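Peer 1: The structure is given below, and queries will be raised subsequently.
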Amino acid sequence: MHRIIMLNDDLESQMRMYLALCTRYRIEIAENEIALMRLLRRKRPQMLILDTHHSRLSNNGKSAGKLIEKIKHKYNRLQILAVLQAEEALSYGERLQQHGANDCVDYLIEGSELLQRVDQMLISAPPITVSFHDADFEAQA
């Protein structure tokens, strides 16, 4: 089962997204950026759903774009779905994608549409492959 971490301080949006996804995916909710980074390191999720207007980001003078860059630098295979407001979808959404977000959605997205978008993102994500070197692995016949 794929694991998704969500950082979203809009409770209504968070619960709507959680309920739409929880039957198919394992959802972990981060309260702040520190908890988010800890969950990314420990849980190794396949996707992050990031509220671009999370209050802790703006209070610390950080932007969602900088956080996405930081996360993508360390976890380059992680799919990032940025959550933003409809009126900023074109301009801010494009900038977030330049920083590394894989897709953007509106806060008010319907549950069925969100599930479809997440399914598409996780299916199209490159598979994680493990390579073994001769010195590291010996097969028994």
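For the structure tokens, the naming scheme is as follows: chains receive sequential letters (A, B, ...) according to their order of presentation, residues are indexed from 1 within each chain, and ligands are indexed from 1 in presentation order.
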I'd like the neighbourhood of Arg41 in chain A as a PDB file with N, CA, C and O atoms, in the first residue's frame, where a residue qualifies if any of its atoms comes within 10 Å (using only C-alpha atoms), though same-chain residues fewer than 6 positions away should be ignored.
Peer 2:
ATOM      1  N   ALA A  35       8.069  17.970  11.747  1.00  0.00           N
ATOM      2  CA  ALA A  35       7.408  16.662  11.727  1.00  0.00           C
ATOM      3  C   ALA A  35       7.380  16.094  10.307  1.00  0.00           C
ATOM      4  O   ALA A  35       7.547  14.885  10.113  1.00  0.00           O
ATOM      5  N   LYS A  74      16.610  15.979  -1.627  1.00  0.00           N
ATOM      6  CA  LYS A  74      16.896  14.806  -0.802  1.00  0.00           C
ATOM      7  C   LYS A  74      16.095  13.579  -1.225  1.00  0.00           C
ATOM      8  O   LYS A  74      16.580  12.457  -1.148  1.00  0.00           O
ATOM      9  N   TYR A  75      14.854  13.785  -1.668  1.00  0.00           N
ATOM     10  CA  TYR A  75      13.955  12.676  -2.036  1.00  0.00           C
ATOM     11  C   TYR A  75      13.455  12.914  -3.459  1.00  0.00           C
ATOM     12  O   TYR A  75      12.303  13.272  -3.674  1.00  0.00           O
TER      13      TYR A  75
END
Peer 1: Run DSSP on the backbone and grab whatever in range 41-77 of chain A lands in strand (DSSP E or B); send it over as number ranges by chain.
Peer 2: A: 47-51
Peer 1: If I take CA of Glu31 in chain A and CA of Ser124 in chain A, how far is one from the other in Å, to one decimal?
Peer 2: 28.2 Å
Peer 1: Please determine, counting only C-alpha atoms, which residue among A:Leu48, A:Ala89, A:Leu11, A:Arg16 has the shortest atom-to-atom distance to Glu28 in chain A.
Peer 2: A:Leu48
Peer 1: Quick one: DSSP alpha helix (DSSP H) residues in range 14-119 of chain A, as a PyMOL selection string?
Peer 2: chain A and resi 14-21+33-43+55-59+64-74+91-99+111-119
